[in-house]
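To be precise, the following lines are data_26.cif, and they hold mmCIF, C-alpha atoms.
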```cif
data_final
#
loop_
_atom_site.label_atom_id
_atom_site.label_comp_id
_atom_site.auth_asym_id
_atom_site.auth_seq_id
_atom_site.Cartn_x
_atom_site.Cartn_y
_atom_site.Cartn_z
CA MET A 22 -2.62 23.46 17.97
CA ASN A 23 0.95 22.15 18.31
CA GLU A 24 2.00 20.37 15.08
CA THR A 25 3.22 17.28 16.93
CA LEU A 26 -0.06 17.01 18.88
CA LYS A 27 -2.06 17.53 15.69
CA ARG A 28 -0.11 14.77 13.95
CA ALA A 29 -0.53 12.41 16.92
CA LEU A 30 -4.30 12.97 17.17
CA SER A 31 -4.77 12.60 13.43
CA GLY A 32 -2.72 9.41 13.42
CA ALA A 33 -4.65 7.98 16.36
CA VAL A 34 -7.99 8.63 14.65
CA TYR A 35 -6.68 7.02 11.46
CA VAL A 36 -5.44 3.89 13.26
CA PHE A 37 -8.65 3.57 15.31
CA LEU A 38 -10.83 3.94 12.22
CA LEU A 39 -8.71 1.56 10.17
CA LEU A 40 -8.46 -1.24 12.74
CA GLY A 41 -12.09 -0.81 13.78
CA CYS A 42 -13.44 -1.11 10.24
CA ILE A 43 -11.18 -4.04 9.35
CA SER A 44 -12.13 -5.88 12.53
CA TYR A 45 -15.88 -5.24 12.33
CA SER A 46 -16.85 -6.80 9.00
CA LYS A 47 -15.93 -7.19 5.36
CA GLU A 48 -18.57 -4.58 4.51
CA SER A 49 -17.09 -1.94 6.82
CA LEU A 50 -13.64 -2.68 5.37
CA ALA A 51 -15.05 -2.32 1.85
CA ILE A 52 -16.76 0.98 2.66
CA LEU A 53 -13.66 2.46 4.30
CA PHE A 54 -11.31 1.47 1.50
CA GLY A 55 -13.85 2.56 -1.09
CA ILE A 56 -13.79 6.03 0.48
CA PHE A 57 -9.99 5.94 0.71
CA MET A 58 -9.82 4.93 -2.96
CA LEU A 59 -12.03 7.79 -4.16
CA ILE A 60 -9.95 10.31 -2.23
CA GLY A 61 -6.77 8.67 -3.52
CA VAL A 62 -8.08 8.84 -7.10
CA TYR A 63 -8.81 12.55 -6.65
CA GLU A 64 -5.31 13.16 -5.27
CA PHE A 65 -3.67 11.19 -8.09
CA CYS A 66 -5.71 13.06 -10.70
CA LYS A 67 -4.40 16.30 -9.23
CA ILE A 68 -0.81 15.05 -9.39
CA ALA A 69 -1.12 13.49 -12.87
CA GLN A 70 -3.50 16.12 -14.31
CA LEU A 71 -6.28 13.69 -15.20
CA ASN A 72 -10.02 14.28 -15.58
CA TYR A 73 -11.59 14.06 -12.10
CA TYR A 74 -15.16 13.25 -13.16
CA PHE A 75 -14.33 10.35 -15.46
CA SER A 76 -11.67 8.92 -13.13
CA ILE A 77 -13.79 9.00 -9.98
CA SER A 78 -16.84 7.59 -11.79
CA PHE A 79 -14.79 4.77 -13.31
CA ALA A 80 -13.11 4.02 -9.98
CA ALA A 81 -16.43 3.92 -8.08
CA GLY A 82 -18.03 1.59 -10.62
CA SER A 83 -15.02 -0.73 -10.71
CA TYR A 84 -14.83 -0.91 -6.93
CA TYR A 85 -18.56 -1.58 -6.55
CA PHE A 86 -18.51 -4.55 -8.93
CA LEU A 87 -15.13 -6.05 -8.00
CA TRP A 88 -14.44 -5.60 -4.27
CA ASN A 89 -15.92 -8.99 -3.27
CA LYS A 90 -14.84 -11.13 -6.26
CA SER A 91 -11.88 -12.76 -4.54
CA GLN A 92 -13.20 -16.27 -5.18
CA ASP A 93 -13.14 -15.76 -8.95
CA ILE A 94 -9.58 -16.95 -9.37
CA ASN A 95 -9.31 -16.00 -13.07
CA LEU A 96 -10.49 -12.44 -12.43
CA LYS A 97 -8.25 -12.18 -9.38
CA THR A 98 -5.25 -13.37 -11.39
CA LEU A 99 -6.00 -10.81 -14.10
CA LEU A 100 -6.31 -7.91 -11.64
CA VAL A 101 -3.26 -8.86 -9.61
CA GLY A 102 -1.19 -9.51 -12.73
CA PHE A 103 -2.07 -6.12 -14.21
CA ALA A 104 -1.31 -4.32 -10.93
CA ALA A 105 2.03 -6.15 -10.67
CA ILE A 106 2.99 -5.14 -14.24
CA ILE A 107 2.15 -1.51 -13.49
CA SER A 108 4.17 -1.73 -10.27
CA ILE A 109 7.19 -3.01 -12.20
CA LYS A 110 6.79 -0.12 -14.65
CA LEU A 111 6.81 2.26 -11.68
CA LEU A 112 10.04 0.69 -10.44
CA PHE A 113 11.67 1.56 -13.76
CA TYR A 114 10.25 5.07 -13.32
CA LEU A 115 11.71 5.28 -9.82
CA PHE A 116 15.20 4.27 -10.90
CA SER A 117 15.15 6.48 -13.98
CA LEU A 118 17.37 9.51 -13.65
CA GLN A 119 14.97 11.61 -15.71
CA LYS A 120 11.83 13.33 -14.47
CA THR A 121 9.60 11.26 -16.74
CA THR A 122 6.40 12.86 -17.98
CA PHE A 123 4.00 10.06 -18.87
CA LYS A 124 1.70 10.27 -21.87
CA ILE A 125 -2.00 10.67 -21.07
CA GLY A 126 -2.85 7.05 -21.85
CA THR A 127 -0.07 5.79 -19.59
CA ARG A 128 -1.27 8.04 -16.78
CA TYR A 129 -4.72 6.46 -16.95
CA LEU A 130 -3.14 3.00 -16.90
CA LEU A 131 -1.21 4.06 -13.79
CA LEU A 132 -4.45 5.30 -12.25
CA VAL A 133 -5.99 1.86 -12.73
CA GLY A 134 -3.00 -0.31 -11.83
CA TYR A 135 -1.39 1.81 -9.13
CA ILE A 136 -4.47 3.26 -7.40
CA ILE A 137 -7.79 1.60 -8.25
CA ILE A 138 -6.87 -2.10 -8.39
CA PRO A 139 -4.71 -2.10 -5.21
CA PHE A 140 -7.60 -0.63 -3.22
CA ILE A 141 -9.94 -3.27 -4.67
CA ILE A 142 -7.64 -6.22 -3.96
CA THR A 143 -6.89 -5.04 -0.44
CA ASN A 144 -10.27 -6.60 0.32
CA TYR A 145 -9.11 -9.89 -1.22
CA VAL A 146 -6.36 -10.32 1.39
CA ALA A 147 -9.01 -10.66 4.10
CA LEU A 148 -11.52 -12.65 1.99
CA GLY A 149 -10.06 -16.17 2.04
CA LYS A 150 -11.47 -19.60 1.25
CA ASN A 151 -12.65 -19.97 4.85
CA GLY A 152 -14.48 -16.66 5.00
CA TYR A 153 -13.53 -13.24 6.29
CA ASN A 154 -10.28 -13.15 8.29
CA PRO A 155 -9.36 -9.60 9.38
CA LYS A 156 -6.25 -10.77 11.24
CA ILE A 157 -4.27 -11.20 8.03
CA LEU A 158 -4.84 -7.66 6.79
CA ILE A 159 -4.35 -6.17 10.26
CA SER A 160 -1.04 -8.04 10.52
CA ILE A 161 0.12 -6.63 7.19
CA PHE A 162 -0.61 -3.10 8.40
CA ILE A 163 1.25 -3.80 11.65
CA LEU A 164 4.24 -5.05 9.65
CA ILE A 165 4.22 -1.88 7.51
CA TRP A 166 4.12 0.26 10.65
CA ALA A 167 6.91 -1.81 12.21
CA ASN A 168 9.02 -1.40 9.10
CA ASP A 169 8.46 2.38 8.99
CA THR A 170 9.10 2.82 12.71
CA PHE A 171 12.28 0.76 12.98
CA ALA A 172 13.68 1.99 9.68
CA TYR A 173 13.33 5.51 11.08
CA LEU A 174 14.78 4.67 14.51
CA VAL A 175 17.71 2.63 13.19
CA GLY A 176 18.36 5.13 10.41
CA LYS A 177 18.36 8.05 12.84
CA SER A 178 20.72 6.26 15.24
CA LEU A 179 23.05 4.40 12.89
CA GLY A 180 22.32 5.71 9.40
CA ARG A 181 25.37 6.79 7.42
CA ASN A 182 24.71 5.72 3.83
CA LYS A 183 21.83 7.24 1.88
CA LEU A 184 19.39 4.78 0.32
CA PHE A 185 17.92 7.00 -2.41
CA PRO A 186 19.08 10.59 -1.85
CA SER A 187 17.64 12.00 -5.09
CA VAL A 188 14.10 11.11 -3.97
CA SER A 189 14.17 10.78 -0.18
CA PRO A 190 17.31 12.24 1.46
CA LYS A 191 16.43 10.98 4.94
CA LYS A 192 16.22 7.25 4.13
CA THR A 193 19.38 5.24 4.75
CA ILE A 194 20.61 1.75 3.90
CA GLU A 195 21.13 1.04 7.59
CA GLY A 196 17.55 2.12 8.31
CA PHE A 197 16.23 -0.15 5.56
CA ILE A 198 18.15 -3.14 6.93
CA GLY A 199 16.95 -2.36 10.47
CA GLY A 200 13.37 -2.13 9.24
CA LEU A 201 13.73 -5.46 7.42
CA ILE A 202 15.11 -7.24 10.50
CA PHE A 203 12.49 -5.91 12.91
CA THR A 204 9.70 -6.53 10.41
CA GLY A 205 10.85 -10.15 10.22
CA ILE A 206 10.84 -10.43 14.02
CA SER A 207 7.38 -8.82 14.20
CA SER A 208 6.11 -11.20 11.54
CA ILE A 209 7.29 -14.26 13.46
CA LEU A 210 5.64 -12.99 16.65
CA LEU A 211 2.37 -12.18 14.86
CA SER A 212 2.36 -15.55 13.13
CA LYS A 213 2.84 -17.44 16.37
CA PHE A 214 0.77 -15.47 18.88
CA TYR A 215 -1.85 -13.54 16.86
CA ILE A 216 -2.59 -15.44 13.68
CA GLU A 217 -1.52 -18.78 15.20
CA SER A 218 -0.27 -20.02 11.87
CA LYS A 219 1.61 -23.31 11.68
CA ILE A 220 3.38 -22.38 8.44
CA LEU A 221 6.04 -19.94 9.57
CA TYR A 222 7.84 -19.53 6.24
CA ILE A 223 4.79 -17.87 4.67
CA TRP A 224 4.95 -15.02 7.16
CA ILE A 225 8.70 -14.68 6.80
CA VAL A 226 8.20 -14.23 3.05
CA ILE A 227 5.39 -11.74 3.72
CA ALA A 228 7.71 -9.78 6.02
CA VAL A 229 10.32 -9.53 3.26
CA ILE A 230 7.67 -8.48 0.72
CA VAL A 231 6.32 -5.84 3.11
CA SER A 232 9.72 -4.42 4.02
CA ILE A 233 10.98 -4.15 0.43
CA PHE A 234 7.84 -3.03 -1.35
CA SER A 235 6.54 -0.67 1.33
CA THR A 236 9.86 1.17 1.13
CA LEU A 237 9.68 1.25 -2.66
CA GLY A 238 6.07 2.42 -2.55
CA ASP A 239 7.01 5.32 -0.30
CA LEU A 240 9.88 6.25 -2.63
CA ILE A 241 7.64 6.14 -5.72
CA GLN A 242 5.08 8.43 -4.11
CA SER A 243 7.91 10.76 -3.07
CA LYS A 244 9.15 10.91 -6.66
CA PHE A 245 5.64 11.61 -7.98
CA LYS A 246 5.40 14.57 -5.61
CA ARG A 247 8.88 15.84 -6.45
CA VAL A 248 8.12 15.75 -10.17
CA ALA A 249 4.76 17.46 -9.56
CA GLY A 250 6.43 20.05 -7.31
CA ILE A 251 4.20 19.44 -4.28
CA LYS A 252 4.92 18.56 -0.66
CA ASP A 253 1.85 16.41 0.08
CA SER A 254 -0.70 14.63 -2.10
CA GLY A 255 -3.54 16.22 -0.08
CA LYS A 256 -4.52 17.82 3.21
CA ILE A 257 -7.28 15.54 4.49
CA MET A 258 -5.16 14.18 7.35
CA PRO A 259 -3.70 17.00 9.48
CA GLY A 260 0.01 16.52 9.96
CA HIS A 261 0.12 13.55 7.58
CA GLY A 262 -0.97 14.99 4.24
CA GLY A 263 -3.31 13.10 1.96
CA VAL A 264 -4.59 9.54 1.67
CA LEU A 265 -1.82 8.62 -0.77
CA ASP A 266 0.79 10.01 1.61
CA ARG A 267 -0.53 7.70 4.32
CA LEU A 268 -1.33 4.64 2.20
CA ASP A 269 1.46 4.74 -0.38
CA SER A 270 3.11 1.71 1.24
CA ILE A 271 0.03 -0.52 1.43
CA ILE A 272 -1.13 0.12 -2.14
CA PHE A 273 2.30 -0.90 -3.45
CA VAL A 274 2.63 -3.91 -1.12
CA ILE A 275 -0.85 -5.36 -1.69
CA PRO A 276 -0.40 -6.48 -5.34
CA PHE A 277 2.70 -8.47 -4.37
CA ILE A 278 1.03 -10.01 -1.30
CA ASN A 279 -1.83 -11.13 -3.54
CA LEU A 280 0.66 -12.38 -6.12
CA PHE A 281 2.40 -14.45 -3.45
CA TYR A 282 -0.93 -15.98 -2.39
CA LEU A 283 -1.75 -16.74 -6.02
CA ILE A 284 1.59 -18.53 -6.44
CA LEU A 285 0.83 -20.60 -3.35
CA TYR A 286 -2.64 -21.38 -4.78
CA TYR A 287 -1.34 -22.50 -8.18
CA VAL A 288 1.52 -24.62 -6.86
CA SER A 289 -0.50 -26.31 -4.10
#
```
With the file now loaded, output its structure as structure tokens.
Amino acid sequence: MNETLKRALSGAVYVFLLLGCISYSKESLAILFGIFMLIGVYEFCKIAQLNYYFSISFAAGSYYFLWNKSQDINLKTLLVGFAAIISIKLLFYLFSLQKTTFKIGTRYLLLVGYIIIPFIITNYVALGKNGYNPKILISIFILIWANDTFAYLVGKSLGRNKLFPSVSPKKTIEGFIGGLIFTGISSILLSKFYIESKILYIWIVIAVIVSIFSTLGDLIQSKFKRVAGIKDSGKIMPGHGGVLDRLDSIIFVIPFINLFYLILYYVS
């Protein structure tokens, strides 16, 4: 099969499955992201050379007990705070000029804060005070796709200055700015016509969070793979690689989206 056709079909199945499960119910979302998480844990264990059996068992147990605890604000704060700290550590790792080899204990902390918790708290984005609202999570995915698409298109057309050549030679500063602008426009349109929110500034902030941290998440995953000497994290999605290749943006964005909502909660 032609590689482009294979990639298109695989991507279409992924989008259909993702949007269908998010739209259907909180349980179908939980099941899908639970499966994604287990595959992602396996892929990360392969990259970081961790014990598969312990990691997958721990991840499954954690997900089972925590996926629907969004109303426990203290627990939510703890999980989001830990994931945010790990994300900041990964930013230092990204900007480090050295190919850092983490100690075994640190690698397990990364497994928890970078992989397991983000998959758990993805559910929290859609589980608000007023019940299950799939539109919010769907909108975040649309914004990530808009950022990726327009960063690529603008970068290909106008890109001259490399954004992070040591990790991802194809990304450009012009592409990043284009992605940020079009993500902001998409966010305003989604807020007005899809979510029908009356508080526009929240979705402008979300657009900025998505554009910045989805780009950083992609770069971090690229650096992990470069250090590990592999092209893709897995082969489960033909033409796209593994689950972490496809979801690297969302798992890095989600802790900061949750953190933003927590800030709104505490200051309101």
Could you state which residues are captured by the PyMOL selection byres ((chain A and resi 153) around 12) in this file, as a PyMOL selection string? chain A and resi 43-51+89+91-92+144-152+154-158
Run the PyMOL selection byres ((chain A and resi 61) around 8) against the file shown and list the residues it catches, as a list in words.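 This file gives the following for the PyMOL selection byres ((chain A and resi 61) around 8): Phe57, Met58, Leu59, Ile60, Val62, Tyr63, Glu64, Phe65, Ile136, Gly263, Val264 and Leu265 of chain A.
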Residue members of the PyMOL selection byres ((chain A and resi 218-225) around 12) in the file shown, as a PDB file with C-alpha atoms, keeping the file's coordinate frame:
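File produced: out_30.pdb:
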```pdb
ATOM      1  CA  LYS A 156      -6.250 -10.770  11.240  1.00  0.00           C
ATOM      2  CA  ILE A 157      -4.270 -11.200   8.030  1.00  0.00           C
ATOM      3  CA  SER A 160      -1.040  -8.040  10.520  1.00  0.00           C
ATOM      4  CA  ILE A 161       0.120  -6.630   7.190  1.00  0.00           C
ATOM      5  CA  LEU A 164       4.240  -5.050   9.650  1.00  0.00           C
ATOM      6  CA  LEU A 201      13.730  -5.460   7.420  1.00  0.00           C
ATOM      7  CA  ILE A 202      15.110  -7.240  10.500  1.00  0.00           C
ATOM      8  CA  PHE A 203      12.490  -5.910  12.910  1.00  0.00           C
ATOM      9  CA  THR A 204       9.700  -6.530  10.410  1.00  0.00           C
ATOM     10  CA  GLY A 205      10.850 -10.150  10.220  1.00  0.00           C
ATOM     11  CA  ILE A 206      10.840 -10.430  14.020  1.00  0.00           C
ATOM     12  CA  SER A 207       7.380  -8.820  14.200  1.00  0.00           C
ATOM     13  CA  SER A 208       6.110 -11.200  11.540  1.00  0.00           C
ATOM     14  CA  ILE A 209       7.290 -14.260  13.460  1.00  0.00           C
ATOM     15  CA  LEU A 210       5.640 -12.990  16.650  1.00  0.00           C
ATOM     16  CA  LEU A 211       2.370 -12.180  14.860  1.00  0.00           C
ATOM     17  CA  SER A 212       2.360 -15.550  13.130  1.00  0.00           C
ATOM     18  CA  LYS A 213       2.840 -17.440  16.370  1.00  0.00           C
ATOM     19  CA  PHE A 214       0.770 -15.470  18.880  1.00  0.00           C
ATOM     20  CA  TYR A 215      -1.850 -13.540  16.860  1.00  0.00           C
ATOM     21  CA  ILE A 216      -2.590 -15.440  13.680  1.00  0.00           C
ATOM     22  CA  GLU A 217      -1.520 -18.780  15.200  1.00  0.00           C
ATOM     23  CA  VAL A 226       8.200 -14.230   3.050  1.00  0.00           C
ATOM     24  CA  ILE A 227       5.390 -11.740   3.720  1.00  0.00           C
ATOM     25  CA  ALA A 228       7.710  -9.780   6.020  1.00  0.00           C
ATOM     26  CA  VAL A 229      10.320  -9.530   3.260  1.00  0.00           C
ATOM     27  CA  ILE A 230       7.670  -8.480   0.720  1.00  0.00           C
ATOM     28  CA  VAL A 231       6.320  -5.840   3.110  1.00  0.00           C
ATOM     29  CA  SER A 232       9.720  -4.420   4.020  1.00  0.00           C
ATOM     30  CA  ILE A 278       1.030 -10.010  -1.300  1.00  0.00           C
ATOM     31  CA  PHE A 281       2.400 -14.450  -3.450  1.00  0.00           C
ATOM     32  CA  TYR A 282      -0.930 -15.980  -2.390  1.00  0.00           C
ATOM     33  CA  ILE A 284       1.590 -18.530  -6.440  1.00  0.00           C
ATOM     34  CA  LEU A 285       0.830 -20.600  -3.350  1.00  0.00           C
TER      35      LEU A 285
END
```
Exercise: Gly176 of chain A partners within 7 Å, all atoms listed in the file, chain neighbours under 4 positions left out, as a short mmCIF file (atom, residue, chain, number, x, y, z; two decimals) with C-alpha atoms, in the frame of the given file:
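The result, stored in around-v1.cif:
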```cif
data_model
loop_
_atom_site.label_atom_id
_atom_site.label_comp_id
_atom_site.auth_asym_id
_atom_site.auth_seq_id
_atom_site.Cartn_x
_atom_site.Cartn_y
_atom_site.Cartn_z
CA ALA A 172 13.68 1.99 9.68
CA GLY A 180 22.32 5.71 9.40
CA LYS A 192 16.22 7.25 4.13
CA THR A 193 19.38 5.24 4.75
CA GLU A 195 21.13 1.04 7.59
CA GLY A 196 17.55 2.12 8.31
#
```
Please measure the separation of atom CA of Ile137 of chain A and atom CA of Lys124 of chain A, giving the value in Å to one decimal.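 Computing the Euclidean distance for atom CA of Ile137 of chain A and atom CA of Lys124 of chain A yields 18.7 Å.
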Just the number, please: distance in Å from atom CA of Phe185 of chain A to atom CA of Leu240 of chain A, one decimal. 8.1 Å
List the spatial neighbours of Leu174 of chain A as a list in words - criterion: any atom at most 9 Å away, all atoms listed in the file, same-chain residues fewer than 4 positions off excluded.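 Non-adjacent residues within range: Asp169, Thr170, Ser178, Leu179, Gly196, Gly199 and Gly200 of chain A.
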Hey, can you check how far atom CA of Ile194 of chain A sits from atom CA of Asn182 of chain A?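 Computed distance, atom CA of Ile194 of chain A to atom CA of Asn182 of chain A, equals 5.7 Å.
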Closest of A:Tyr287, A:Phe245, A:Phe140, A:Phe197 to Phe273 of chain A, counting all atoms listed in the file, is A:Phe140
In terms of the shortest atom-to-atom distance over only C-alpha atoms, which of A:Ile106, A:Leu130, A:Ile138, A:Leu112 is closest to Ile233 of chain A?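 Closest to Ile233 of chain A of all the choices is A:Leu112.
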Choose the residue, out of A:Ile52, A:Ile77, A:Leu280, A:Val274, that has the smallest atom-to-atom separation from Tyr135 of chain A; count only C-alpha atoms. A:Val274
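When all atoms listed in the file are used to compute distances to Ile125 of chain A, the closest of the residues A:Leu71, A:Ser289, A:Asp239, A:Tyr173 turns out to be A:Leu71.
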Enclose segment 194-204 of chain A, meaning all of its atoms listed in the file, in a box aligned along x, y and z, pad it by 3 Å on each side, and list the centre and edge lengths in Å to one decimal, as lines of an AutoDock Vina configuration file.
```
center_x = 15.4
center_y = -2.6
center_z = 8.4
size_x = 17.4
size_y = 15.4
size_z = 15.0
```
Have a look at A:Ser108, A:Thr143, A:Ile94, A:Phe113 and name the one nearest to Leu53 of chain A; count only C-alpha atoms. A:Thr143
Hey, which of A:Tyr85, A:Lys183, A:Ala69, A:Asn279 ends up closest to Ser254 of chain A? Count all atoms listed in the file.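 The shortest atom-to-atom distance to Ser254 of chain A comes from A:Ala69.
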So that I can look at just that part, could you write segment 122-141 of chain A with N, CA, C and O atoms, as a PDB file, in the first residue's frame?
```
ATOM      1  N   THR A 122      21.421  11.007  30.551  1.00  0.00           N
ATOM      2  CA  THR A 122      20.953   9.671  30.884  1.00  0.00           C
ATOM      3  C   THR A 122      20.435   9.702  32.314  1.00  0.00           C
ATOM      4  O   THR A 122      21.211   9.869  33.259  1.00  0.00           O
ATOM      5  N   PHE A 123      19.137   9.586  32.479  1.00  0.00           N
ATOM      6  CA  PHE A 123      18.538   9.696  33.807  1.00  0.00           C
ATOM      7  C   PHE A 123      18.826   8.446  34.641  1.00  0.00           C
ATOM      8  O   PHE A 123      18.902   7.335  34.115  1.00  0.00           O
ATOM      9  N   LYS A 124      18.950   8.657  35.950  1.00  0.00           N
ATOM     10  CA  LYS A 124      19.079   7.525  36.865  1.00  0.00           C
ATOM     11  C   LYS A 124      17.764   6.757  36.890  1.00  0.00           C
ATOM     12  O   LYS A 124      16.701   7.295  36.553  1.00  0.00           O
ATOM     13  N   ILE A 125      17.807   5.513  37.344  1.00  0.00           N
ATOM     14  CA  ILE A 125      16.635   4.638  37.278  1.00  0.00           C
ATOM     15  C   ILE A 125      15.453   5.207  38.048  1.00  0.00           C
ATOM     16  O   ILE A 125      14.313   5.155  37.586  1.00  0.00           O
ATOM     17  N   GLY A 126      15.711   5.784  39.232  1.00  0.00           N
ATOM     18  CA  GLY A 126      14.624   6.361  40.015  1.00  0.00           C
ATOM     19  C   GLY A 126      13.963   7.525  39.302  1.00  0.00           C
ATOM     20  O   GLY A 126      12.735   7.668  39.307  1.00  0.00           O
ATOM     21  N   THR A 127      14.769   8.356  38.654  1.00  0.00           N
ATOM     22  CA  THR A 127      14.244   9.497  37.905  1.00  0.00           C
ATOM     23  C   THR A 127      13.413   9.028  36.720  1.00  0.00           C
ATOM     24  O   THR A 127      12.378   9.622  36.391  1.00  0.00           O
ATOM     25  N   ARG A 128      13.841   7.943  36.085  1.00  0.00           N
ATOM     26  CA  ARG A 128      13.084   7.419  34.944  1.00  0.00           C
ATOM     27  C   ARG A 128      11.698   6.939  35.366  1.00  0.00           C
ATOM     28  O   ARG A 128      10.717   7.114  34.634  1.00  0.00           O
ATOM     29  N   TYR A 129      11.597   6.355  36.549  1.00  0.00           N
ATOM     30  CA  TYR A 129      10.279   5.941  37.039  1.00  0.00           C
ATOM     31  C   TYR A 129       9.417   7.149  37.396  1.00  0.00           C
ATOM     32  O   TYR A 129       8.197   7.138  37.188  1.00  0.00           O
ATOM     33  N   LEU A 130      10.049   8.203  37.938  1.00  0.00           N
ATOM     34  CA  LEU A 130       9.303   9.432  38.202  1.00  0.00           C
ATOM     35  C   LEU A 130       8.781  10.044  36.901  1.00  0.00           C
ATOM     36  O   LEU A 130       7.652  10.545  36.843  1.00  0.00           O
ATOM     37  N   LEU A 131       9.605   9.989  35.851  1.00  0.00           N
ATOM     38  CA  LEU A 131       9.168  10.477  34.544  1.00  0.00           C
ATOM     39  C   LEU A 131       8.010   9.633  34.012  1.00  0.00           C
ATOM     40  O   LEU A 131       7.064  10.171  33.420  1.00  0.00           O
ATOM     41  N   LEU A 132       8.098   8.324  34.228  1.00  0.00           N
ATOM     42  CA  LEU A 132       7.011   7.447  33.790  1.00  0.00           C
ATOM     43  C   LEU A 132       5.695   7.870  34.420  1.00  0.00           C
ATOM     44  O   LEU A 132       4.658   7.952  33.748  1.00  0.00           O
ATOM     45  N   VAL A 133       5.737   8.182  35.714  1.00  0.00           N
ATOM     46  CA  VAL A 133       4.516   8.570  36.428  1.00  0.00           C
ATOM     47  C   VAL A 133       4.044   9.960  36.002  1.00  0.00           C
ATOM     48  O   VAL A 133       2.873  10.165  35.653  1.00  0.00           O
ATOM     49  N   GLY A 134       4.962  10.938  36.028  1.00  0.00           N
ATOM     50  CA  GLY A 134       4.565  12.322  35.788  1.00  0.00           C
ATOM     51  C   GLY A 134       4.401  12.709  34.337  1.00  0.00           C
ATOM     52  O   GLY A 134       3.610  13.602  34.017  1.00  0.00           O
ATOM     53  N   TYR A 135       5.114  12.032  33.455  1.00  0.00           N
ATOM     54  CA  TYR A 135       5.066  12.374  32.030  1.00  0.00           C
ATOM     55  C   TYR A 135       4.084  11.503  31.245  1.00  0.00           C
ATOM     56  O   TYR A 135       3.504  11.959  30.256  1.00  0.00           O
ATOM     57  N   ILE A 136       3.872  10.262  31.705  1.00  0.00           N
ATOM     58  CA  ILE A 136       3.005   9.344  30.962  1.00  0.00           C
ATOM     59  C   ILE A 136       1.714   9.037  31.725  1.00  0.00           C
ATOM     60  O   ILE A 136       0.606   9.352  31.256  1.00  0.00           O
ATOM     61  N   ILE A 137       1.827   8.458  32.903  1.00  0.00           N
ATOM     62  CA  ILE A 137       0.647   7.932  33.596  1.00  0.00           C
ATOM     63  C   ILE A 137      -0.325   9.030  34.014  1.00  0.00           C
ATOM     64  O   ILE A 137      -1.518   8.992  33.670  1.00  0.00           O
ATOM     65  N   ILE A 138       0.158  10.030  34.762  1.00  0.00           N
ATOM     66  CA  ILE A 138      -0.743  11.077  35.258  1.00  0.00           C
ATOM     67  C   ILE A 138      -1.402  11.861  34.122  1.00  0.00           C
ATOM     68  O   ILE A 138      -2.621  12.114  34.172  1.00  0.00           O
ATOM     69  N   PRO A 139      -0.674  12.297  33.084  1.00  0.00           N
ATOM     70  CA  PRO A 139      -1.361  13.009  31.998  1.00  0.00           C
ATOM     71  C   PRO A 139      -2.510  12.228  31.358  1.00  0.00           C
ATOM     72  O   PRO A 139      -3.547  12.810  31.022  1.00  0.00           O
ATOM     73  N   PHE A 140      -2.346  10.915  31.204  1.00  0.00           N
ATOM     74  CA  PHE A 140      -3.449  10.134  30.656  1.00  0.00           C
ATOM     75  C   PHE A 140      -4.632  10.096  31.635  1.00  0.00           C
ATOM     76  O   PHE A 140      -5.792  10.133  31.212  1.00  0.00           O
ATOM     77  N   ILE A 141      -4.335  10.024  32.918  1.00  0.00           N
ATOM     78  CA  ILE A 141      -5.407  10.031  33.918  1.00  0.00           C
ATOM     79  C   ILE A 141      -6.158  11.355  33.886  1.00  0.00           C
ATOM     80  O   ILE A 141      -7.394  11.388  33.815  1.00  0.00           O
TER      81      ILE A 141
END
```
